[in-house]
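The file protein13.txt contains compact mmCIF, N, CA and C atoms:
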# COMPACT_ATOMS: atom_id res chain seq x y z
N MET A 1 36.34 -12.34 -10.42
CA MET A 1 35.08 -12.10 -9.75
C MET A 1 33.95 -12.35 -10.74
N GLU A 2 32.95 -13.11 -10.29
CA GLU A 2 31.80 -13.40 -11.13
C GLU A 2 30.69 -12.39 -10.88
N ASN A 3 29.93 -12.21 -11.90
CA ASN A 3 28.79 -11.30 -11.81
C ASN A 3 27.53 -12.13 -12.00
N GLU A 4 26.99 -12.65 -10.90
CA GLU A 4 25.81 -13.51 -10.98
C GLU A 4 24.54 -12.68 -10.89
N ARG A 5 23.59 -13.07 -11.68
CA ARG A 5 22.29 -12.38 -11.70
C ARG A 5 21.54 -12.67 -10.40
N PRO A 6 21.03 -11.64 -9.73
CA PRO A 6 20.27 -11.87 -8.50
C PRO A 6 19.00 -12.66 -8.80
N GLU A 7 18.56 -13.41 -7.81
CA GLU A 7 17.32 -14.17 -7.94
C GLU A 7 16.32 -13.64 -6.92
N PHE A 8 15.06 -13.62 -7.33
CA PHE A 8 14.00 -13.18 -6.44
C PHE A 8 13.84 -14.23 -5.35
N ALA A 9 13.74 -13.81 -4.11
CA ALA A 9 13.83 -14.71 -2.97
C ALA A 9 12.58 -15.56 -2.70
N LEU A 10 11.45 -15.21 -3.25
CA LEU A 10 10.24 -15.99 -2.98
C LEU A 10 10.06 -17.04 -4.06
N ALA A 11 10.32 -18.27 -3.70
CA ALA A 11 10.19 -19.37 -4.66
C ALA A 11 8.74 -19.47 -5.13
N ASN A 12 8.57 -19.78 -6.39
CA ASN A 12 7.25 -19.98 -7.01
C ASN A 12 6.39 -18.73 -7.04
N HIS A 13 7.00 -17.56 -6.92
CA HIS A 13 6.28 -16.29 -7.01
C HIS A 13 7.05 -15.37 -7.95
N SER A 14 6.34 -14.76 -8.87
CA SER A 14 7.01 -13.80 -9.75
C SER A 14 7.01 -12.44 -9.08
N ILE A 15 8.03 -11.67 -9.38
CA ILE A 15 8.10 -10.31 -8.83
C ILE A 15 6.90 -9.49 -9.29
N LEU A 16 6.46 -9.73 -10.53
CA LEU A 16 5.31 -8.99 -11.06
C LEU A 16 4.05 -9.27 -10.24
N ALA A 17 3.81 -10.52 -9.93
CA ALA A 17 2.62 -10.89 -9.16
C ALA A 17 2.70 -10.36 -7.72
N VAL A 18 3.86 -10.43 -7.13
CA VAL A 18 4.04 -9.96 -5.75
C VAL A 18 3.80 -8.45 -5.68
N VAL A 19 4.37 -7.70 -6.60
CA VAL A 19 4.19 -6.25 -6.59
C VAL A 19 2.73 -5.89 -6.83
N SER A 20 2.07 -6.58 -7.74
CA SER A 20 0.65 -6.31 -7.99
C SER A 20 -0.19 -6.60 -6.75
N GLU A 21 0.14 -7.67 -6.05
CA GLU A 21 -0.59 -8.02 -4.83
C GLU A 21 -0.36 -6.99 -3.72
N VAL A 22 0.88 -6.55 -3.56
CA VAL A 22 1.19 -5.53 -2.55
C VAL A 22 0.49 -4.22 -2.91
N HIS A 23 0.48 -3.89 -4.19
CA HIS A 23 -0.21 -2.68 -4.62
C HIS A 23 -1.69 -2.74 -4.26
N ALA A 24 -2.34 -3.84 -4.55
CA ALA A 24 -3.76 -4.01 -4.22
C ALA A 24 -3.97 -3.90 -2.71
N TYR A 25 -3.07 -4.49 -1.94
CA TYR A 25 -3.19 -4.45 -0.48
C TYR A 25 -3.08 -3.02 0.05
N PHE A 26 -2.07 -2.26 -0.42
CA PHE A 26 -1.91 -0.88 0.04
C PHE A 26 -3.09 -0.02 -0.40
N ARG A 27 -3.62 -0.25 -1.59
CA ARG A 27 -4.79 0.49 -2.07
C ARG A 27 -5.99 0.18 -1.16
N ASP A 28 -6.17 -1.10 -0.83
CA ASP A 28 -7.28 -1.48 0.06
C ASP A 28 -7.11 -0.90 1.46
N MET A 29 -5.89 -0.87 1.96
CA MET A 29 -5.65 -0.30 3.29
C MET A 29 -5.92 1.21 3.28
N GLN A 30 -5.55 1.88 2.19
CA GLN A 30 -5.83 3.29 2.09
C GLN A 30 -7.35 3.52 2.11
N SER A 31 -8.09 2.73 1.37
CA SER A 31 -9.55 2.83 1.36
C SER A 31 -10.14 2.55 2.74
N TYR A 32 -9.59 1.53 3.41
CA TYR A 32 -10.05 1.18 4.76
C TYR A 32 -9.93 2.38 5.70
N TYR A 33 -8.77 3.05 5.65
CA TYR A 33 -8.58 4.19 6.55
C TYR A 33 -9.36 5.42 6.10
N GLN A 34 -9.65 5.55 4.81
CA GLN A 34 -10.51 6.63 4.36
C GLN A 34 -11.93 6.46 4.92
N ILE A 35 -12.42 5.23 4.91
CA ILE A 35 -13.74 4.94 5.48
C ILE A 35 -13.74 5.19 6.99
N ALA A 36 -12.69 4.72 7.66
CA ALA A 36 -12.58 4.95 9.11
C ALA A 36 -12.54 6.45 9.41
N HIS A 37 -11.84 7.20 8.59
CA HIS A 37 -11.75 8.65 8.75
C HIS A 37 -13.14 9.28 8.66
N GLY A 38 -13.91 8.88 7.67
CA GLY A 38 -15.27 9.40 7.51
C GLY A 38 -16.16 9.07 8.69
N LYS A 39 -16.07 7.84 9.16
CA LYS A 39 -16.89 7.44 10.32
C LYS A 39 -16.53 8.24 11.56
N LEU A 40 -15.24 8.45 11.77
CA LEU A 40 -14.81 9.22 12.94
C LEU A 40 -15.24 10.68 12.83
N LEU A 41 -15.20 11.23 11.63
CA LEU A 41 -15.68 12.61 11.46
C LEU A 41 -17.16 12.72 11.81
N SER A 42 -17.94 11.72 11.41
CA SER A 42 -19.37 11.69 11.75
C SER A 42 -19.56 11.62 13.26
N GLU A 43 -18.78 10.75 13.90
CA GLU A 43 -18.86 10.64 15.37
C GLU A 43 -18.49 11.96 16.03
N LEU A 44 -17.47 12.60 15.50
CA LEU A 44 -17.01 13.87 16.07
C LEU A 44 -18.08 14.94 15.96
N GLU A 45 -18.78 14.98 14.82
CA GLU A 45 -19.86 15.95 14.63
C GLU A 45 -21.01 15.73 15.61
N ASN A 46 -21.25 14.48 15.97
CA ASN A 46 -22.37 14.15 16.85
C ASN A 46 -22.01 14.11 18.32
N ALA A 47 -20.74 14.21 18.64
CA ALA A 47 -20.30 14.10 20.03
C ALA A 47 -20.72 15.35 20.82
N GLN A 48 -21.23 15.11 22.00
CA GLN A 48 -21.68 16.19 22.88
C GLN A 48 -20.70 16.42 24.04
N ASP A 49 -20.18 15.34 24.55
CA ASP A 49 -19.31 15.36 25.72
C ASP A 49 -17.88 15.73 25.31
N PRO A 50 -17.26 16.72 25.97
CA PRO A 50 -15.89 17.11 25.64
C PRO A 50 -14.88 15.95 25.77
N ALA A 51 -15.08 15.09 26.75
CA ALA A 51 -14.17 13.95 26.90
C ALA A 51 -14.32 12.99 25.72
N MET A 52 -15.55 12.81 25.29
CA MET A 52 -15.81 11.95 24.14
C MET A 52 -15.19 12.57 22.88
N THR A 53 -15.33 13.87 22.73
CA THR A 53 -14.76 14.59 21.60
C THR A 53 -13.24 14.42 21.56
N GLU A 54 -12.63 14.54 22.72
CA GLU A 54 -11.17 14.39 22.80
C GLU A 54 -10.73 12.99 22.40
N GLY A 55 -11.46 11.98 22.87
CA GLY A 55 -11.13 10.59 22.52
C GLY A 55 -11.27 10.33 21.03
N ILE A 56 -12.34 10.86 20.45
CA ILE A 56 -12.54 10.68 19.01
C ILE A 56 -11.46 11.41 18.24
N GLN A 57 -11.08 12.59 18.69
CA GLN A 57 -10.03 13.36 18.02
C GLN A 57 -8.70 12.61 18.05
N GLN A 58 -8.41 11.96 19.16
CA GLN A 58 -7.18 11.17 19.24
C GLN A 58 -7.21 10.01 18.24
N LYS A 59 -8.35 9.34 18.15
CA LYS A 59 -8.50 8.25 17.17
C LYS A 59 -8.37 8.80 15.75
N LEU A 60 -8.96 9.96 15.51
CA LEU A 60 -8.89 10.59 14.19
C LEU A 60 -7.46 10.94 13.83
N ASP A 61 -6.70 11.44 14.79
CA ASP A 61 -5.29 11.75 14.54
C ASP A 61 -4.50 10.51 14.15
N ALA A 62 -4.76 9.40 14.86
CA ALA A 62 -4.07 8.14 14.56
C ALA A 62 -4.45 7.63 13.17
N VAL A 63 -5.73 7.72 12.84
CA VAL A 63 -6.19 7.28 11.51
C VAL A 63 -5.58 8.17 10.43
N ASN A 64 -5.53 9.47 10.67
CA ASN A 64 -4.93 10.38 9.68
C ASN A 64 -3.47 10.06 9.41
N GLN A 65 -2.74 9.70 10.46
CA GLN A 65 -1.34 9.33 10.28
C GLN A 65 -1.22 8.07 9.43
N LYS A 66 -2.01 7.06 9.74
CA LYS A 66 -1.98 5.81 8.97
C LYS A 66 -2.44 6.05 7.54
N LEU A 67 -3.44 6.89 7.37
CA LEU A 67 -3.93 7.22 6.05
C LEU A 67 -2.83 7.89 5.22
N ALA A 68 -2.09 8.78 5.84
CA ALA A 68 -0.98 9.44 5.13
C ALA A 68 0.09 8.42 4.73
N PHE A 69 0.42 7.51 5.62
CA PHE A 69 1.43 6.49 5.31
C PHE A 69 0.97 5.58 4.17
N PHE A 70 -0.27 5.11 4.25
CA PHE A 70 -0.75 4.21 3.19
C PHE A 70 -0.94 4.95 1.86
N HIS A 71 -1.20 6.22 1.91
CA HIS A 71 -1.26 7.02 0.69
C HIS A 71 0.11 7.02 0.00
N VAL A 72 1.15 7.28 0.77
CA VAL A 72 2.51 7.27 0.22
C VAL A 72 2.88 5.88 -0.29
N LEU A 73 2.60 4.85 0.50
CA LEU A 73 2.91 3.49 0.09
C LEU A 73 2.16 3.10 -1.18
N ASN A 74 0.89 3.44 -1.26
CA ASN A 74 0.09 3.12 -2.42
C ASN A 74 0.63 3.82 -3.66
N ASN A 75 0.94 5.10 -3.53
CA ASN A 75 1.49 5.83 -4.68
C ASN A 75 2.84 5.28 -5.11
N SER A 76 3.66 4.94 -4.16
CA SER A 76 4.99 4.42 -4.48
C SER A 76 4.90 3.07 -5.19
N ILE A 77 4.13 2.16 -4.64
CA ILE A 77 4.03 0.83 -5.24
C ILE A 77 3.28 0.90 -6.57
N SER A 78 2.42 1.89 -6.74
CA SER A 78 1.74 2.09 -8.02
C SER A 78 2.75 2.39 -9.11
N THR A 79 3.72 3.22 -8.79
CA THR A 79 4.78 3.54 -9.75
C THR A 79 5.59 2.29 -10.09
N VAL A 80 5.95 1.53 -9.07
CA VAL A 80 6.72 0.29 -9.27
C VAL A 80 5.90 -0.67 -10.14
N ASP A 81 4.63 -0.82 -9.81
CA ASP A 81 3.76 -1.73 -10.56
C ASP A 81 3.67 -1.32 -12.03
N THR A 82 3.53 -0.03 -12.27
CA THR A 82 3.44 0.47 -13.65
C THR A 82 4.72 0.19 -14.42
N VAL A 83 5.86 0.48 -13.82
CA VAL A 83 7.14 0.25 -14.49
C VAL A 83 7.37 -1.24 -14.75
N LEU A 84 7.07 -2.07 -13.76
CA LEU A 84 7.29 -3.51 -13.94
C LEU A 84 6.40 -4.12 -15.01
N HIS A 85 5.30 -3.49 -15.31
CA HIS A 85 4.39 -4.03 -16.32
C HIS A 85 4.58 -3.41 -17.71
N THR A 86 5.71 -2.74 -17.91
CA THR A 86 6.06 -2.30 -19.26
C THR A 86 6.59 -3.52 -20.01
N ASP A 87 6.51 -3.46 -21.33
CA ASP A 87 6.97 -4.59 -22.15
C ASP A 87 8.42 -4.95 -21.86
N THR A 88 9.26 -3.94 -21.69
CA THR A 88 10.68 -4.18 -21.44
C THR A 88 10.89 -4.96 -20.14
N MET A 89 10.21 -4.53 -19.09
CA MET A 89 10.42 -5.20 -17.80
C MET A 89 9.75 -6.57 -17.77
N ILE A 90 8.62 -6.72 -18.43
CA ILE A 90 8.00 -8.05 -18.50
C ILE A 90 8.95 -9.02 -19.18
N ARG A 91 9.55 -8.59 -20.28
CA ARG A 91 10.52 -9.46 -20.97
C ARG A 91 11.72 -9.75 -20.07
N GLU A 92 12.17 -8.75 -19.34
CA GLU A 92 13.32 -8.93 -18.43
C GLU A 92 13.05 -10.05 -17.43
N PHE A 93 11.89 -10.04 -16.83
CA PHE A 93 11.59 -11.04 -15.81
C PHE A 93 11.15 -12.37 -16.40
N LYS A 94 10.55 -12.37 -17.57
CA LYS A 94 10.22 -13.64 -18.24
C LYS A 94 11.52 -14.35 -18.62
N ASP A 95 12.49 -13.58 -19.12
CA ASP A 95 13.78 -14.16 -19.49
C ASP A 95 14.47 -14.75 -18.26
N GLN A 96 14.37 -14.08 -17.12
CA GLN A 96 14.98 -14.57 -15.89
C GLN A 96 14.31 -15.86 -15.43
N GLU A 97 12.98 -15.94 -15.57
CA GLU A 97 12.26 -17.14 -15.16
C GLU A 97 12.61 -18.32 -16.06
N ASN A 98 12.89 -18.04 -17.31
CA ASN A 98 13.18 -19.11 -18.28
C ASN A 98 14.64 -19.55 -18.29
N SER A 99 15.50 -18.81 -17.60
CA SER A 99 16.92 -19.22 -17.62
C SER A 99 17.30 -20.06 -16.43

Show this structure as structure tokens.
Amino acid sequence: MENERPEFALANHSILAVVSEVHAYFRDMQSYYQIAHGKLLSELENAQDPAMTEGIQQKLDAVNQKLAFFHVLNNSISTVDTVLHTDTMIREFKDQENS
């Protein structure tokens, strides 16, 4: 049985660059939903009609759920990004690219 080294599936893309890009994307999505959250809170404070309040609250609940998910994703990929950019891991992937 041979033990072949796995190859990253995206041709012409390094794992380091892909992880950094995904990290930036999740960070931006988290910021996007934080801004949406703030806007909805402002709308909720100014809402007079109970039906309008209920609709805004439903939107706020959906944004809060997405915000929680992107928070977890951002934190997780941040850890991956940090580990992959250590000297040891950079050498690991540079060696793989050169072989």

Notebook entry, point to check: Looking at only C-alpha atoms, which of A:Ile15, A:Ile56, A:Leu44, A:Leu73 is the one that sits closest to Asp28 of chain A?
Noted result: A:Leu73

Next item on the list: May I ask for the distance between atom C of Gln30 of chain A and atom N of His71 of chain A, given in Å to one decimal place?
Entry: 6.7 Å

Notebook entry, point to check: In Å, with one decimal, what is the gap from atom CA of Val83 of chain A to atom N of Gln34 of chain A?
Noted result: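 Result for atom CA of Val83 of chain A versus atom N of Gln34 of chain A: 26.1 Å, one decimal.
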
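Shell of Val80 of chain A at 10 Å, with only C-alpha atoms counted and residues fewer than 3 places along the chain excluded, is Leu16, Val19, Ser20, His23, Asn74, Asn75, Ser76, Ile77, Val83, Leu84 and His85 of chain A.
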
Next item on the list: Could you check how far atom CA of Leu60 of chain A sits from atom CA of Leu40 of chain A, in Å to one decimal?
Entry: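 Calculated distance between atom CA of Leu60 of chain A and atom CA of Leu40 of chain A is 6.2 Å.
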
Taking all atoms of segment 80-87 of chain A that appear in the file, build a box with edges along x, y and z, extend it by 3 Å on every side, and state its centre and edge lengths in Å to one decimal, as lines of an AutoDock Vina configuration file.
center_x = 5.9
center_y = -1.7
center_z = -15.6
size_x = 11.0
size_y = 12.5
size_z = 19.1

Just the residues within 12 Å of Gln58 of chain A, please, counting only C-alpha atoms, with nothing from its chain fewer than 6 positions along; format it as a PDB file with N, CA and C atoms, in the frame of the given file.
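Listed below is the output, out27.pdb:
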ATOM      1  N   HIS A  37     -11.840   7.200   8.590  1.00  0.00           N
ATOM      2  CA  HIS A  37     -11.750   8.650   8.750  1.00  0.00           C
ATOM      3  C   HIS A  37     -13.140   9.280   8.660  1.00  0.00           C
ATOM      4  N   LEU A  40     -15.240   8.450  11.770  1.00  0.00           N
ATOM      5  CA  LEU A  40     -14.810   9.220  12.940  1.00  0.00           C
ATOM      6  C   LEU A  40     -15.240  10.680  12.830  1.00  0.00           C
ATOM      7  N   LEU A  41     -15.200  11.230  11.630  1.00  0.00           N
ATOM      8  CA  LEU A  41     -15.680  12.610  11.460  1.00  0.00           C
ATOM      9  C   LEU A  41     -17.160  12.720  11.810  1.00  0.00           C
ATOM     10  N   LEU A  44     -17.470  12.600  15.500  1.00  0.00           N
ATOM     11  CA  LEU A  44     -17.010  13.870  16.070  1.00  0.00           C
ATOM     12  C   LEU A  44     -18.080  14.940  15.960  1.00  0.00           C
ATOM     13  N   ALA A  51     -15.080  15.090  26.750  1.00  0.00           N
ATOM     14  CA  ALA A  51     -14.170  13.950  26.900  1.00  0.00           C
ATOM     15  C   ALA A  51     -14.320  12.990  25.720  1.00  0.00           C
ATOM     16  N   MET A  52     -15.550  12.810  25.290  1.00  0.00           N
ATOM     17  CA  MET A  52     -15.810  11.950  24.140  1.00  0.00           C
ATOM     18  C   MET A  52     -15.190  12.570  22.880  1.00  0.00           C
ATOM     19  N   ASN A  64      -5.530   9.470  10.670  1.00  0.00           N
ATOM     20  CA  ASN A  64      -4.930  10.380   9.680  1.00  0.00           C
ATOM     21  C   ASN A  64      -3.470  10.060   9.410  1.00  0.00           C
ATOM     22  N   GLN A  65      -2.740   9.700  10.460  1.00  0.00           N
ATOM     23  CA  GLN A  65      -1.340   9.330  10.280  1.00  0.00           C
ATOM     24  C   GLN A  65      -1.220   8.070   9.430  1.00  0.00           C
TER      25      GLN A  65
END
